[in-house]
$ cat upload.csv   # CSV, C-alpha atoms
chain,number,residue,atom,x,y,z
B,1,MET,CA,11.7,-61.2,-46.7
B,2,ASP,CA,10.9,-59.9,-50.2
B,3,ILE,CA,7.7,-58.5,-51.7
B,4,LYS,CA,6.7,-61.8,-53.2
B,5,GLU,CA,6.9,-63.6,-49.9
B,6,ILE,CA,4.7,-60.9,-48.3
B,7,GLN,CA,2.2,-61.2,-51.0
B,8,ASN,CA,2.0,-64.9,-50.6
B,9,LEU,CA,1.6,-64.5,-46.8
B,10,ILE,CA,-1.3,-62.1,-47.3
B,11,LYS,CA,-3.0,-64.4,-49.7
B,12,PHE,CA,-2.5,-67.3,-47.3
B,13,VAL,CA,-4.0,-65.4,-44.4
B,14,ALA,CA,-6.9,-64.1,-46.4
B,15,LYS,CA,-7.7,-67.7,-47.5
B,16,SER,CA,-7.2,-69.1,-44.0
B,17,GLY,CA,-10.1,-67.2,-42.5
B,18,ALA,CA,-8.1,-65.9,-39.6
B,19,SER,CA,-9.0,-62.4,-38.6
B,20,GLU,CA,-5.5,-61.3,-37.5
B,21,VAL,CA,-2.0,-62.7,-37.8
B,22,LYS,CA,1.1,-61.3,-36.2
B,23,LEU,CA,4.5,-62.4,-37.3
B,24,GLU,CA,7.9,-61.5,-36.0
B,25,MET,CA,11.1,-62.6,-37.7
B,26,GLY,CA,14.3,-61.1,-36.6
B,27,ASP,CA,14.0,-57.4,-37.2
B,28,ILE,CA,10.7,-57.6,-39.1
B,29,LYS,CA,7.3,-57.5,-37.6
B,30,ILE,CA,4.2,-58.0,-39.7
B,31,THR,CA,0.6,-57.7,-38.7
B,32,ILE,CA,-2.2,-58.8,-41.1
B,33,LYS,CA,-5.7,-58.0,-40.2
B,34,THR,CA,-8.7,-59.2,-42.2
B,35,GLY,CA,-12.1,-57.6,-41.6
B,36,PRO,CA,-15.6,-58.9,-42.6
B,37,ASP,CA,-15.1,-56.9,-45.8
B,38,PRO,CA,-12.1,-58.4,-47.7
B,39,GLU,CA,-11.3,-54.9,-49.0
B,40,ALA,CA,-10.7,-53.8,-45.4
B,41,THR,CA,-7.7,-56.1,-45.1
B,42,ALA,CA,-5.1,-53.9,-43.6
B,43,ILE,CA,-1.4,-54.4,-43.3
B,44,GLN,CA,1.1,-53.0,-40.9
B,45,TYR,CA,4.7,-53.6,-41.8
B,46,ALA,CA,7.4,-52.1,-39.8
B,47,PRO,CA,10.9,-52.9,-38.7
B,48,VAL,CA,11.2,-53.5,-35.0
B,49,ALA,CA,14.4,-51.6,-34.6
B,50,ALA,CA,14.5,-48.2,-36.2
B,51,GLN,CA,18.2,-48.0,-36.2
B,52,LEU,CA,18.5,-51.0,-38.5
B,53,PRO,CA,18.6,-50.5,-42.2
B,54,GLN,CA,15.1,-50.6,-43.6
B,55,PRO,CA,15.3,-50.8,-47.4
B,56,MET,CA,11.9,-52.4,-47.8
B,57,ALA,CA,9.8,-50.2,-45.7
B,58,PRO,CA,8.9,-47.5,-48.2
B,59,VAL,CA,7.9,-50.1,-50.8
B,60,ALA,CA,6.3,-52.6,-48.5
B,61,GLU,CA,3.8,-50.2,-47.0
B,62,PRO,CA,1.7,-49.3,-50.0
B,63,ARG,CA,2.2,-52.4,-52.1
B,64,PRO,CA,0.8,-55.1,-49.8
B,65,VAL,CA,-2.3,-52.9,-49.3
B,66,ALA,CA,-2.8,-52.9,-53.0
B,67,GLU,CA,-2.3,-56.6,-53.1
B,68,ALA,CA,-4.7,-57.2,-50.3
B,69,ALA,CA,-7.5,-55.6,-52.3
B,70,ALA,CA,-6.8,-58.0,-55.2
B,71,PRO,CA,-8.6,-61.1,-53.8
B,72,ALA,CA,-11.6,-58.9,-53.2
B,73,ALA,CA,-11.9,-57.9,-56.9
B,74,PRO,CA,-13.7,-61.1,-58.1
B,75,VAL,CA,-16.2,-60.7,-55.3
B,76,ALA,CA,-17.1,-57.2,-56.4
B,77,GLU,CA,-17.3,-58.3,-60.0
B,78,THR,CA,-19.7,-61.2,-59.3
B,79,SER,CA,-22.0,-59.0,-57.3
B,80,LYS,CA,-23.6,-57.8,-60.5
B,81,TYR,CA,-24.4,-61.3,-61.5
B,82,ILE,CA,-27.5,-63.2,-60.5
B,83,THR,CA,-27.0,-66.6,-58.9
B,84,ILE,CA,-29.5,-69.3,-59.9
B,85,LYS,CA,-29.9,-71.7,-57.1
B,86,SER,CA,-31.4,-75.2,-56.9
B,87,PRO,CA,-35.0,-75.2,-55.8
B,88,ILE,CA,-34.8,-78.8,-54.7
B,89,ILE,CA,-32.4,-81.5,-53.6
B,90,GLY,CA,-31.4,-84.1,-56.3
B,91,THR,CA,-29.0,-84.9,-59.1
B,92,PHE,CA,-28.1,-82.1,-61.5
B,93,TYR,CA,-28.2,-82.9,-65.2
B,94,ARG,CA,-27.1,-80.5,-68.0
B,95,LYS,CA,-28.7,-82.6,-70.8
B,96,PRO,CA,-32.2,-84.0,-71.3
B,97,SER,CA,-30.6,-87.4,-71.9
B,98,PRO,CA,-26.9,-88.5,-72.4
B,99,ASP,CA,-27.1,-88.4,-76.2
B,100,LYS,CA,-28.7,-85.0,-76.4
B,101,PRO,CA,-27.0,-81.5,-76.5
B,102,LEU,CA,-26.6,-79.4,-73.3
B,103,PHE,CA,-29.4,-77.2,-72.3
B,104,VAL,CA,-27.1,-74.2,-71.8
B,105,GLU,CA,-23.4,-73.5,-72.1
B,106,VAL,CA,-21.2,-70.7,-70.7
B,107,GLY,CA,-21.5,-67.6,-72.8
B,108,GLN,CA,-24.9,-68.5,-74.0
B,109,THR,CA,-27.7,-65.9,-73.9
B,110,ILE,CA,-30.8,-67.2,-72.1
B,111,ALA,CA,-34.3,-65.8,-71.9
B,112,GLU,CA,-36.8,-66.1,-69.0
B,113,GLY,CA,-38.5,-69.5,-69.3
B,114,ASP,CA,-35.6,-71.3,-71.0
B,115,VAL,CA,-34.8,-74.7,-69.5
B,116,LEU,CA,-31.4,-74.6,-67.7
B,117,CYS,CA,-31.1,-78.1,-66.3
B,118,ILE,CA,-32.9,-81.1,-65.0
B,119,ILE,CA,-32.7,-82.0,-61.3
B,120,GLU,CA,-33.7,-85.6,-60.7
B,121,ALA,CA,-35.1,-86.5,-57.4
B,122,MET,CA,-36.4,-89.9,-56.6
B,123,LYS,CA,-37.0,-90.7,-60.2
B,124,LEU,CA,-38.9,-87.5,-60.8
B,125,PHE,CA,-37.3,-85.4,-63.6
B,126,ASN,CA,-37.6,-81.8,-62.8
B,127,GLU,CA,-36.8,-79.2,-65.5
B,128,ILE,CA,-35.7,-75.9,-64.1
B,129,GLU,CA,-36.8,-72.9,-66.1
B,130,SER,CA,-34.9,-69.6,-65.8
B,131,GLU,CA,-36.5,-66.8,-64.0
B,132,VAL,CA,-34.1,-64.3,-65.5
B,133,SER,CA,-32.7,-63.3,-68.9
B,134,GLY,CA,-29.1,-62.8,-69.5
B,135,LYS,CA,-25.8,-64.5,-70.3
B,136,ILE,CA,-24.5,-67.6,-68.6
B,137,VAL,CA,-21.2,-66.6,-67.0
B,138,LYS,CA,-20.4,-69.7,-65.0
B,139,ILE,CA,-21.8,-73.1,-64.4
B,140,LEU,CA,-21.0,-74.0,-60.8
B,141,VAL,CA,-21.9,-77.7,-60.7
B,142,ASP,CA,-20.7,-80.6,-62.7
B,143,ASP,CA,-23.0,-82.7,-64.8
B,144,SER,CA,-24.6,-85.7,-63.0
B,145,SER,CA,-23.5,-84.5,-59.5
B,146,PRO,CA,-25.7,-84.3,-56.5
B,147,VAL,CA,-27.0,-80.8,-55.4
B,148,GLU,CA,-28.5,-79.5,-52.2
B,149,PHE,CA,-31.5,-77.2,-51.8
B,150,ASP,CA,-30.5,-73.6,-52.5
B,151,GLN,CA,-27.1,-74.6,-53.8
B,152,PRO,CA,-25.8,-72.1,-56.4
B,153,LEU,CA,-26.0,-73.6,-59.9
B,154,PHE,CA,-25.4,-70.8,-62.4
B,155,LEU,CA,-24.1,-67.3,-62.5
B,156,VAL,CA,-26.0,-65.1,-65.0
B,157,ASP,CA,-25.0,-61.7,-66.2
B,158,PRO,CA,-28.4,-59.9,-66.6
B,159,SER,CA,-27.0,-56.8,-68.4
O,160,MET,CA,-61.6,-86.8,-71.3
O,161,ARG,CA,-59.4,-85.7,-74.2
O,162,ILE,CA,-57.2,-88.4,-75.7
O,163,ILE,CA,-55.0,-87.8,-78.7
O,164,LYS,CA,-54.1,-91.0,-80.6
O,165,LEU,CA,-51.0,-91.3,-82.7
O,166,ASN,CA,-49.8,-94.2,-84.8
O,167,ALA,CA,-46.1,-93.6,-84.1
O,168,ILE,CA,-44.2,-90.9,-82.2
O,169,ASP,CA,-40.7,-90.5,-80.8
O,170,SER,CA,-42.0,-90.2,-77.2
O,171,THR,CA,-45.5,-89.3,-76.0
O,172,ASN,CA,-44.1,-87.2,-73.1
O,173,SER,CA,-42.0,-85.2,-75.6
O,174,TYR,CA,-45.0,-84.7,-77.9
O,175,LEU,CA,-47.2,-83.6,-75.1
O,176,ARG,CA,-44.5,-81.1,-74.0
O,177,LYS,CA,-44.5,-79.6,-77.4
O,178,LEU,CA,-48.3,-79.5,-77.6
O,179,CYS,CA,-48.4,-77.8,-74.2
O,180,ALA,CA,-46.4,-74.9,-75.6
O,181,SER,CA,-49.2,-74.2,-78.0
O,182,ASN,CA,-51.7,-73.8,-75.1
O,183,LEU,CA,-54.0,-76.5,-76.5
O,184,VAL,CA,-53.6,-78.7,-73.5
O,185,THR,CA,-55.8,-78.9,-70.4
O,186,ASP,CA,-55.6,-81.0,-67.3
O,187,TYR,CA,-55.7,-84.8,-68.1
O,188,THR,CA,-55.2,-84.3,-71.8
O,189,ALA,CA,-53.6,-87.6,-72.9
O,190,VAL,CA,-51.4,-88.6,-75.8
O,191,MET,CA,-51.5,-92.3,-76.7
O,192,ALA,CA,-49.2,-93.9,-79.3
O,193,LYS,CA,-49.3,-97.3,-80.9
O,194,LYS,CA,-45.6,-97.2,-81.2
O,195,GLN,CA,-42.9,-95.1,-79.5
O,196,THR,CA,-39.7,-94.9,-81.4
O,197,GLN,CA,-37.7,-93.3,-78.6
O,198,GLY,CA,-39.6,-94.4,-75.5
O,199,ARG,CA,-37.7,-93.3,-72.4
O,200,GLY,CA,-37.2,-94.7,-69.0
O,201,GLN,CA,-34.8,-93.4,-66.3
O,202,MET,CA,-32.1,-91.0,-67.4
O,203,GLY,CA,-30.5,-92.6,-70.4
O,204,THR,CA,-32.5,-95.8,-70.4
O,205,VAL,CA,-35.1,-96.8,-72.9
O,206,TRP,CA,-38.7,-98.2,-72.7
O,207,SER,CA,-39.4,-100.7,-75.4
O,208,SER,CA,-42.8,-102.0,-76.2
O,209,GLN,CA,-44.3,-104.0,-79.0
O,210,THR,CA,-46.5,-102.0,-81.4
O,211,SER,CA,-50.2,-101.9,-80.6
O,212,LYS,CA,-49.9,-104.5,-77.8
O,213,ASN,CA,-49.3,-102.2,-74.9
O,214,LEU,CA,-50.2,-98.8,-73.5
O,215,THR,CA,-47.7,-96.0,-73.9
O,216,PHE,CA,-49.3,-92.8,-73.1
O,217,SER,CA,-48.7,-89.4,-71.4
O,218,VAL,CA,-51.0,-87.3,-69.3
O,219,PHE,CA,-50.8,-83.6,-68.6
O,220,LYS,CA,-51.5,-82.1,-65.2
O,221,ASN,CA,-51.1,-78.5,-64.1
O,222,VAL,CA,-49.8,-78.7,-60.5
O,223,SER,CA,-49.1,-75.0,-59.8
O,224,ALA,CA,-52.0,-74.7,-57.4
O,225,TYR,CA,-50.7,-77.4,-55.1
O,226,HIS,CA,-47.8,-75.5,-53.5
O,227,LEU,CA,-46.0,-78.8,-53.5
O,228,GLN,CA,-43.2,-79.0,-50.9
O,229,HIS,CA,-42.6,-82.6,-51.7
O,230,PRO,CA,-42.9,-83.5,-55.4
O,231,PHE,CA,-42.8,-87.2,-54.4
O,232,TYR,CA,-46.5,-86.9,-53.8
O,233,ILE,CA,-46.9,-86.7,-57.6
O,234,SER,CA,-45.2,-90.1,-57.8
O,235,ILE,CA,-47.5,-91.4,-55.0
O,236,VAL,CA,-50.6,-90.2,-56.8
O,237,VAL,CA,-49.7,-91.7,-60.1
O,238,SER,CA,-48.6,-95.0,-58.6
O,239,LEU,CA,-51.9,-95.4,-56.7
O,240,ALA,CA,-53.9,-94.4,-59.7
O,241,VAL,CA,-52.3,-97.1,-61.9
O,242,LEU,CA,-52.5,-99.7,-59.1
O,243,LYS,CA,-56.2,-99.0,-58.4
O,244,SER,CA,-57.0,-99.2,-62.1
O,245,LEU,CA,-55.3,-102.6,-62.4
O,246,GLN,CA,-57.2,-103.7,-59.3
O,247,PHE,CA,-60.4,-102.7,-61.1
O,248,PHE,CA,-59.4,-105.2,-63.9
O,249,SER,CA,-58.8,-107.9,-61.3
O,250,ILE,CA,-55.0,-108.1,-61.7
O,251,PRO,CA,-53.8,-110.2,-58.8
O,252,LYS,CA,-51.0,-109.6,-56.3
O,253,LEU,CA,-50.4,-105.9,-57.1
O,254,SER,CA,-47.7,-103.9,-55.4
O,255,ILE,CA,-45.6,-100.8,-55.8
O,256,LYS,CA,-41.9,-101.4,-56.1
O,257,TRP,CA,-40.4,-98.2,-54.7
O,258,PRO,CA,-40.4,-95.6,-56.0
O,259,ASN,CA,-43.0,-96.2,-58.8
O,260,ASP,CA,-42.9,-99.5,-60.6
O,261,ILE,CA,-46.2,-101.5,-60.5
O,262,LEU,CA,-45.7,-105.2,-60.1
O,263,SER,CA,-47.9,-108.3,-60.1
O,264,GLU,CA,-46.3,-110.8,-57.7
O,265,ASN,CA,-42.7,-110.0,-58.6
O,266,LYS,CA,-43.0,-109.1,-62.3
O,267,LYS,CA,-43.1,-105.6,-63.6
O,268,LEU,CA,-46.2,-104.6,-65.4
O,269,CYS,CA,-45.8,-100.8,-65.5
O,270,GLY,CA,-43.2,-98.2,-65.6
O,271,ILE,CA,-43.8,-94.5,-64.8
O,272,LEU,CA,-41.8,-91.6,-66.0
O,273,ILE,CA,-42.7,-88.2,-64.5
O,274,GLU,CA,-41.3,-85.0,-65.9
O,275,ASN,CA,-42.1,-81.8,-64.0
O,276,VAL,CA,-41.5,-78.2,-65.0
O,277,LEU,CA,-40.5,-75.7,-62.4
O,278,LYS,CA,-41.3,-72.1,-63.1
O,279,GLN,CA,-40.3,-69.3,-60.6
O,280,ASN,CA,-39.0,-72.1,-58.4
O,281,LYS,CA,-42.4,-73.7,-58.1
O,282,PHE,CA,-43.7,-77.0,-59.5
O,283,SER,CA,-45.9,-75.9,-62.3
O,284,GLU,CA,-46.6,-78.7,-64.8
O,285,SER,CA,-46.4,-82.4,-64.7
O,286,PHE,CA,-46.1,-84.7,-67.7
O,287,ILE,CA,-46.9,-88.2,-66.6
O,288,GLY,CA,-45.6,-91.0,-68.9
O,289,ILE,CA,-47.1,-94.4,-68.3
O,290,GLY,CA,-45.8,-97.6,-70.0
O,291,LEU,CA,-48.1,-100.5,-69.2
O,292,ASN,CA,-47.6,-104.0,-70.6
O,293,VAL,CA,-51.1,-105.1,-71.6
O,294,ASN,CA,-51.3,-107.8,-74.3
O,295,GLN,CA,-47.7,-108.6,-75.1
O,296,THR,CA,-46.8,-112.2,-74.3
O,297,ASP,CA,-43.2,-112.6,-75.0
O,298,PHE,CA,-40.5,-110.6,-73.1
O,299,LYS,CA,-37.2,-111.8,-74.5
O,300,ASN,CA,-34.3,-111.1,-72.1
O,301,LEU,CA,-36.7,-109.4,-69.7
O,302,PRO,CA,-37.3,-112.1,-67.1
O,303,GLN,CA,-38.8,-109.7,-64.6
O,304,ALA,CA,-41.4,-108.3,-67.0
O,305,SER,CA,-44.9,-109.4,-67.5
O,306,SER,CA,-48.2,-108.2,-68.9
O,307,LEU,CA,-51.9,-108.1,-67.9
O,308,ARG,CA,-52.5,-110.8,-70.4
O,309,LEU,CA,-49.8,-113.1,-69.1
O,310,VAL,CA,-51.0,-112.8,-65.5
O,311,THR,CA,-54.7,-113.2,-66.2
O,312,GLY,CA,-54.9,-115.0,-69.6
O,313,ASN,CA,-57.3,-112.3,-70.9
O,314,ILE,CA,-56.9,-109.8,-73.7
O,315,PHE,CA,-57.6,-106.3,-72.7
O,316,ASP,CA,-59.0,-103.3,-74.6
O,317,LEU,CA,-56.2,-100.6,-74.5
O,318,ASP,CA,-58.6,-97.7,-74.6
O,319,GLU,CA,-60.6,-99.0,-71.7
O,320,VAL,CA,-57.5,-99.5,-69.6
O,321,ALA,CA,-56.2,-96.0,-70.4
O,322,LYS,CA,-59.5,-94.4,-69.6
O,323,GLN,CA,-59.7,-96.1,-66.2
O,324,ILE,CA,-56.2,-94.9,-65.4
O,325,ILE,CA,-57.0,-91.3,-66.4
O,326,LYS,CA,-60.1,-91.5,-64.3
O,327,ASN,CA,-58.2,-92.6,-61.3
O,328,LEU,CA,-55.5,-90.0,-61.8
O,329,LYS,CA,-58.2,-87.4,-61.5
O,330,VAL,CA,-59.5,-89.1,-58.3
O,331,TYR,CA,-56.0,-89.1,-56.7
O,332,PHE,CA,-55.0,-85.7,-57.8
O,333,ASP,CA,-58.2,-84.4,-56.2
O,334,VAL,CA,-57.1,-86.1,-52.9
O,335,LEU,CA,-53.7,-84.3,-53.3
O,336,GLU,CA,-55.5,-81.0,-54.0
O,337,GLY,CA,-57.4,-81.6,-50.7
O,338,GLU,CA,-53.9,-81.9,-49.1
O,339,HIS,CA,-54.6,-85.3,-47.6
O,340,PHE,CA,-50.9,-86.0,-47.6
O,341,SER,CA,-50.8,-88.6,-44.8
O,342,MET,CA,-53.7,-90.5,-46.3
O,343,LEU,CA,-51.9,-90.7,-49.6
O,344,LYS,CA,-48.6,-91.7,-48.0
O,345,THR,CA,-50.3,-94.4,-45.8
O,346,GLU,CA,-52.1,-95.9,-48.8
O,347,TYR,CA,-48.9,-95.9,-50.9
O,348,GLU,CA,-47.0,-97.6,-48.1
O,349,SER,CA,-49.6,-100.3,-47.7
O,350,TYR,CA,-48.8,-101.4,-51.2
O,351,LEU,CA,-45.0,-101.3,-51.0
O,352,PHE,CA,-43.3,-104.4,-52.6
O,353,ARG,CA,-41.6,-106.6,-50.0
O,354,LYS,CA,-42.7,-104.4,-47.1
O,355,ASN,CA,-41.8,-106.0,-43.7
O,356,LYS,CA,-40.3,-108.9,-45.5
O,357,PRO,CA,-36.6,-109.9,-45.1
O,358,SER,CA,-35.0,-108.5,-48.3
O,359,THR,CA,-31.5,-108.2,-49.8
O,360,PHE,CA,-30.2,-104.8,-51.0
O,361,LYS,CA,-27.2,-103.5,-52.7
O,362,ASP,CA,-25.9,-100.0,-51.8
O,363,ALA,CA,-24.1,-97.5,-54.0
O,364,GLU,CA,-20.7,-99.1,-53.3
O,365,GLY,CA,-22.0,-102.5,-54.3
O,366,THR,CA,-22.1,-103.9,-50.7
O,367,VAL,CA,-24.9,-106.4,-50.2
O,368,PHE,CA,-26.9,-106.2,-47.0
O,369,SER,CA,-30.2,-107.3,-45.7
O,370,GLY,CA,-33.1,-105.4,-44.1
O,371,PHE,CA,-36.8,-104.9,-44.0
O,372,ILE,CA,-38.6,-102.2,-46.1
O,373,LYS,CA,-40.7,-100.2,-43.6
O,374,ASN,CA,-42.0,-96.9,-45.1
O,375,VAL,CA,-41.1,-93.9,-47.2
O,376,SER,CA,-40.2,-90.4,-46.0
O,377,GLU,CA,-42.0,-87.2,-47.1
O,378,THR,CA,-39.2,-86.7,-49.7
O,379,GLY,CA,-39.7,-90.2,-51.0
O,380,SER,CA,-36.6,-91.9,-49.6
O,381,LEU,CA,-36.9,-95.5,-48.6
O,382,GLN,CA,-36.8,-96.4,-44.9
O,383,VAL,CA,-35.2,-99.7,-44.3
O,384,LEU,CA,-34.8,-101.5,-41.0
O,385,VAL,CA,-31.2,-102.8,-40.9
O,386,GLU,CA,-29.0,-104.5,-38.3
O,387,ASP,CA,-29.3,-103.4,-34.6
O,388,ALA,CA,-32.9,-102.2,-35.0
O,389,VAL,CA,-31.7,-99.1,-37.0
O,390,ILE,CA,-33.9,-97.5,-39.6
O,391,LYS,CA,-31.8,-96.1,-42.5
O,392,GLU,CA,-33.1,-93.8,-45.2
O,393,PHE,CA,-32.0,-94.3,-48.8
O,394,ASP,CA,-32.2,-92.1,-51.8
O,395,PHE,CA,-33.3,-93.7,-55.1
O,396,LYS,CA,-29.7,-93.7,-56.4
O,397,THR,CA,-28.1,-95.3,-53.4
O,398,ILE,CA,-30.0,-98.6,-53.0
O,399,THR,CA,-31.1,-101.4,-55.2
O,400,LEU,CA,-33.5,-104.1,-54.1
O,401,LEU,CA,-32.4,-107.5,-55.2
O,402,TYR,CA,-35.3,-109.8,-55.9
$ encode --input "upload.csv" --output "structure tokens"
Amino acid sequence: MDIKEIQNLIKFVAKSGASEVKLEMGDIKITIKTGPDPEATAIQYAPVAAQLPQPMAPVAEPRPVAEAAAPAAPVAETSKYITIKSPIIGTFYRKPSPDKPLFVEVGQTIAEGDVLCIIEAMKLFNEIESEVSGKIVKILVDDSSPVEFDQPLFLVDPS
Amino acid sequence: MRIIKLNAIDSTNSYLRKLCASNLVTDYTAVMAKKQTQGRGQMGTVWSSQTSKNLTFSVFKNVSAYHLQHPFYISIVVSLAVLKSLQFFSIPKLSIKWPNDILSENKKLCGILIENVLKQNKFSESFIGIGLNVNQTDFKNLPQASSLRLVTGNIFDLDEVAKQIIKNLKVYFDVLEGEHFSMLKTEYESYLFRKNKPSTFKDAEGTVFSGFIKNVSETGSLQVLVEDAVIKEFDFKTITLLY
């Protein structure tokens, strides 16, 4: 088992939602634990038999830990962003009408009170004004798609 | 009553929106146009109307004091205000085709386009666009459209009709302010087009089925009695009544 395979395994376990995975293959035993905090993902990697050659052990121990922290990085980054959520259920529109320009685009600076989108519900057209100022980092919903109450719509960088 | 009259404008709702930004607008301020060059209907559709023959106007209402949980009540209020006004002018066989078209018998007289603004996640302002066919007599390629003149034979004064509607908007918004929700919903439901009649519908996948319109939910979805005594709820986008 090489480093790449171990990295993939860690990623797979992190995504799977399992809290702990133990794996034994021949002379290798791997335990991957994921805590509620993704950064706490710990890895134990040790050969079963000490007498067997263990060329990977010194490398494997620190590296997977570093890798395990990687998926956590985007989470930490987004925490400084503000999520704008849908105040109502309906259909999300990014334009006032199909032939008009978009209300906002990624990278655009918005001010409090700027219209971000329209959410149509039962033929009522509801314009959603921004409560915050900042820069649009991400638009989380496709144009003309249905949205639920409280569904995240935009990520805004307030800095 | 404050009515701003224009000869021609792109859209009365858009004009009122801009006017609102200048703080010159109070509740029930209305904008009337003889001609709309870009009259709008549902998302991406147009509202066309012959110059000076019909009413195309928009009314402003601040709704921030209502703590609206269900914005569909704005639709109910406007539908009832228009229907009651047409009753006042003795228009026969009036009904509300869900969610907010006003019909006489089975012909559409009036379309309503409501645009709300949400500030701080609360419904704040309502721009109510009303397109009412009044004195127009020919509707080419629109077999399901009619006008007050066509159904009664009489010519109507546009200002008089508009004033009556604005008056009734005030009456019904006051009922909403008093939070008489069930009263409004019951009255709205009593005028539902094809209520309790065997009707044919088409769902989002294009499947045709039959059922009976019963009522509406608080959120405005249509409750239809279908096979096996089941009542199904439909969102505006997911059902079309064939008539």
$ interface_residues --input "upload.csv" --of "chain O" --to "chain B" --cutoff "6 Å" --atoms "only C-alpha atoms" --output "VMD selection string"
chain O and resid 202 to 203 273 to 280 395
$ residues_around --input "upload.csv" --residues "O:Leu239" --least-positions-apart "3" --cutoff "9 Å" --atoms "all atoms listed in the file" --output "count of residues only"
14
$ residues_around --input "upload.csv" --residues "O:Lys356" --least-positions-apart "3" --cutoff "12 Å" --atoms "all atoms listed in the file" --output "PyMOL selection string"
chain O and resi 351-353+359+369-373+383-385+400+402
$ atom_distance --input "upload.csv" --atom1 "atom CA of B:Cys117" --atom2 "atom CA of O:Ser170"
19.6 Å
$ atom_distance --input "upload.csv" --atom1 "atom CA of B:Ile82" --atom2 "atom CA of B:Pro101"
24.3 Å
$ atom_distance --input "upload.csv" --atom1 "atom CA of O:Thr378" --atom2 "atom CA of O:Pro230"
7.5 Å
$ closest_residue --input "upload.csv" --among "O:Gln195, O:Thr204, O:Thr397, O:Ser306" --to "O:Ser380" --atoms "only C-alpha atoms"
O:Thr397
$ residues_around --input "upload.csv" --residues "O:Leu262" --least-positions-apart "6" --cutoff "6 Å" --atoms "all atoms listed in the file" --output "PyMOL selection string"
chain O and resi 253-254+268
$ closest_residue --input "upload.csv" --among "O:Glu319, O:Asp169, O:Glu264, O:Glu336" --to "O:Leu227" --atoms "only C-alpha atoms"
O:Glu336
$ residues_around --input "upload.csv" --residues "O:Gly198" --least-positions-apart "5" --cutoff "12 Å" --atoms "all atoms listed in the file" --output "ChimeraX atom specification"
/B:97 /O:167-174,192-193,203-210,214-217,270-272,288-290
$ closest_residue --input "upload.csv" --among "B:Tyr81, B:Phe12, B:Phe92, B:Phe103" --to "B:Lys138" --atoms "all atoms listed in the file"
B:Tyr81
$ residues_around --input "upload.csv" --residues "O:Val367" --least-positions-apart "5" --cutoff "10 Å" --atoms "only C-alpha atoms" --output "list in words"
Thr359, Phe360, Lys361, Asp362, Ile398, Thr399, Leu400 and Leu401 of chain O
$ closest_residue --input "upload.csv" --among "O:Glu284, O:Glu348, O:Glu386, O:Asp318" --to "O:Ile163" --atoms "all atoms listed in the file"
O:Asp318
$ residues_near_point --input "upload.csv" --point "(-60.1, -95.5, -69.3)" --cutoff "12 Å" --atoms "all atoms listed in the file" --output "list in words"
Met160, Arg161, Ile162, Tyr187, Ala189, Met191, Leu214, Phe216, Ala240, Val241, Ser244, Leu245, Phe247, Phe248, Phe315, Asp316, Leu317, Asp318, Glu319, Val320, Ala321, Lys322, Gln323, Ile324, Ile325, Lys326, Asn327, Leu328 and Lys329 of chain O
$ closest_residue --input "upload.csv" --among "B:Pro158, B:Gly26, B:Gly107, B:Pro146" --to "B:Ser133" --atoms "all atoms listed in the file"
B:Pro158
